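Worksheet: one structure, shown below.
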Amino acid sequence: MKAQTPIRLTPRLSGNFRFLFLSFLLILVQQSCLGPLPSSRPVCGNCEDQNRFVRIEKVNADFLPDVPPPFSHPFKLNQNEWTVILSTIYVQQLKPGFLIWGGKENKEPAFTEEEIQYLSMILPQAFEQAQPDEIVVYALSQSPLSNIFKISTGGLFVKHEDLHIVLSNHRYAVSLPGIREMLWEHPLHSEGILYDLVKGDHQTIQKPNLFEIQPTSLRMTIAYKGLLFGTQGPSTPDSELPVSASPPDHQSAERSIEDNLAILNRLRTQGLITEEEFQQKKKELLDRL
């Protein structure tokens, strides 16, 4: 009788297991490329939870080489002033196209009302503690579906009279817990560009290179003094805004002269403007009467 060839069982990876295995390897490769965890510290004991945080982080030597530290920290703005600033930041979602992005959706606020309320409450504390070689970072998470997270991460810093805002990831959809954890640990690392910033008054945008292999963070510079004074800033070209776009709600009603004078006096008291700047802006406000 002919001997039968023994059957050898060759292990094969199932589709789902193969996907998880390759995803795990990708996370390990990304972590090794990102290097050690950045040196960060919390702002306060109850300033963060599993879905959001604001922290203070040492600036990496490779971070934003065109705007190196030292930064103008510590820095003081109150909660209402941060609310005004954050409410002026708008984005447009990019439409997918063939090889390149096919266009943009209508503009929308970069942060929800709940996110603005949270950030404007924590940022004053963070910037009062931040040192000239540190940046304030944040992470925000939404869960529209049970197994999907939309992650927004980035950072803020002040240099001279400009507030710099970095949107590393904005509403970036994540299903793997490992990717979410990686973004949570490296909030300045960008995974992909799905949105574009919309230029407004007193705002300057550095356009990212959409053809780079490594995703580039969105960056905006805000002349915060001009924004808070309520003076007229550079107008936004019509070509940069969709026809249906509408201005921010808080800009539809001008602040009173008394409110602007109070903000102006507060900035002088905090040492953010000189006496000469105070008198000049005060005269401009009074000339409107």
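A note on labels: chains of the structure tokens are A, B, ... as shown, every chain counts residues from 1, and ligands are counted from 1 in their shown order.
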
Distance query Asp162 in chain A at most 6 Å, only C-alpha atoms, self and fewer than 3 positions along chain excluded, as number ranges by chain: A: 158-159, 222-223

6 Å contact set for range 120-137 of chain A, only C-alpha atoms, chain neighbours under 2 positions out, as a PyMOL selection string: chain A and resi 43+54-59+69-75+77-79+82-83+116-118+154-157

Write to file, as an mmCIF file, in the first residue's frame, the residues of the selection just made, with N, CA and C atoms.
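Written output follows (again-v4.cif):
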data_model
loop_
_atom_site.group_PDB
_atom_site.id
_atom_site.type_symbol
_atom_site.label_atom_id
_atom_site.label_comp_id
_atom_site.auth_asym_id
_atom_site.auth_seq_id
_atom_site.Cartn_x
_atom_site.Cartn_y
_atom_site.Cartn_z
ATOM 1 N N VAL A 43 -1.611 71.227 33.069
ATOM 2 C CA VAL A 43 -1.817 72.600 33.542
ATOM 3 C C VAL A 43 -2.338 72.603 34.966
ATOM 4 N N VAL A 54 -5.214 69.942 27.757
ATOM 5 C CA VAL A 54 -4.313 71.053 27.421
ATOM 6 C C VAL A 54 -3.086 70.871 28.294
ATOM 7 N N ARG A 55 -1.903 70.817 27.671
ATOM 8 C CA ARG A 55 -0.663 70.605 28.398
ATOM 9 C C ARG A 55 0.396 71.597 27.937
ATOM 10 N N ILE A 56 1.467 71.649 28.692
ATOM 11 C CA ILE A 56 2.613 72.499 28.363
ATOM 12 C C ILE A 56 3.769 71.585 28.008
ATOM 13 N N GLU A 57 4.389 71.823 26.848
ATOM 14 C CA GLU A 57 5.376 70.896 26.316
ATOM 15 C C GLU A 57 6.652 71.624 25.919
ATOM 16 N N LYS A 58 7.787 71.004 26.204
ATOM 17 C CA LYS A 58 9.072 71.536 25.764
ATOM 18 C C LYS A 58 9.127 71.505 24.240
ATOM 19 N N VAL A 59 9.663 72.563 23.645
ATOM 20 C CA VAL A 59 9.721 72.643 22.190
ATOM 21 C C VAL A 59 10.858 71.783 21.663
ATOM 22 N N PRO A 69 12.134 79.330 19.386
ATOM 23 C CA PRO A 69 12.072 80.032 20.666
ATOM 24 C C PRO A 69 13.332 80.872 20.840
ATOM 25 N N PRO A 70 13.335 81.825 21.771
ATOM 26 C CA PRO A 70 12.367 81.960 22.863
ATOM 27 C C PRO A 70 11.062 82.616 22.430
ATOM 28 N N PHE A 71 9.972 82.155 23.085
ATOM 29 C CA PHE A 71 8.658 82.718 22.850
ATOM 30 C C PHE A 71 8.340 83.752 23.929
ATOM 31 N N SER A 72 7.259 84.494 23.709
ATOM 32 C CA SER A 72 6.877 85.570 24.636
ATOM 33 C C SER A 72 5.997 85.012 25.755
ATOM 34 N N HIS A 73 6.530 84.061 26.481
ATOM 35 C CA HIS A 73 5.832 83.426 27.599
ATOM 36 C C HIS A 73 6.588 83.721 28.892
ATOM 37 N N PRO A 74 5.869 83.828 30.018
ATOM 38 C CA PRO A 74 4.420 83.725 30.236
ATOM 39 C C PRO A 74 3.658 84.834 29.503
ATOM 40 N N PHE A 75 2.355 84.593 29.336
ATOM 41 C CA PHE A 75 1.524 85.466 28.512
ATOM 42 C C PHE A 75 0.134 85.509 29.129
ATOM 43 N N LEU A 77 -3.910 86.534 28.771
ATOM 44 C CA LEU A 77 -5.197 86.932 28.213
ATOM 45 C C LEU A 77 -6.260 86.242 29.050
ATOM 46 N N ASN A 78 -7.421 86.901 29.220
ATOM 47 C CA ASN A 78 -8.446 86.276 30.053
ATOM 48 C C ASN A 78 -9.354 85.372 29.225
ATOM 49 N N GLN A 79 -10.301 84.736 29.896
ATOM 50 C CA GLN A 79 -11.159 83.750 29.254
ATOM 51 C C GLN A 79 -11.995 84.363 28.135
ATOM 52 N N TRP A 82 -9.853 84.948 25.035
ATOM 53 C CA TRP A 82 -9.570 83.706 24.321
ATOM 54 C C TRP A 82 -10.811 83.241 23.557
ATOM 55 N N THR A 83 -11.985 83.447 24.121
ATOM 56 C CA THR A 83 -13.214 83.071 23.438
ATOM 57 C C THR A 83 -13.364 83.826 22.126
ATOM 58 N N ILE A 116 -14.580 75.505 22.485
ATOM 59 C CA ILE A 116 -14.155 76.883 22.760
ATOM 60 C C ILE A 116 -14.285 77.183 24.245
ATOM 61 N N GLN A 117 -15.383 76.745 24.838
ATOM 62 C CA GLN A 117 -15.587 76.972 26.269
ATOM 63 C C GLN A 117 -14.489 76.301 27.094
ATOM 64 N N TYR A 118 -14.147 75.072 26.724
ATOM 65 C CA TYR A 118 -13.103 74.342 27.453
ATOM 66 C C TYR A 118 -11.740 74.996 27.255
ATOM 67 N N GLY A 154 -3.026 69.893 18.300
ATOM 68 C CA GLY A 154 -2.246 71.029 17.816
ATOM 69 C C GLY A 154 -1.557 71.751 18.946
ATOM 70 N N GLY A 155 -1.130 72.967 18.666
ATOM 71 C CA GLY A 155 -0.403 73.741 19.663
ATOM 72 C C GLY A 155 -0.562 75.231 19.433
ATOM 73 N N LEU A 156 -0.214 76.007 20.458
ATOM 74 C CA LEU A 156 -0.282 77.459 20.395
ATOM 75 C C LEU A 156 0.943 78.039 21.089
ATOM 76 N N PHE A 157 1.445 79.136 20.560
ATOM 77 C CA PHE A 157 2.518 79.870 21.224
ATOM 78 C C PHE A 157 2.463 81.328 20.784
#

Which of range 52-245 of chain A DSSP labels strand (DSSP E), written as a ChimeraX atom specification: /A:52-58,90-95,103-104,108-109,134-145,148-159,162-174,195-198,203-206,218-222

Proximity to Glu181 in chain A - best of A:Leu285, A:Cys44, A:Ile151, A:Met220, only C-alpha atoms: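 So, comparing all the options, the nearest one is A:Ile151.
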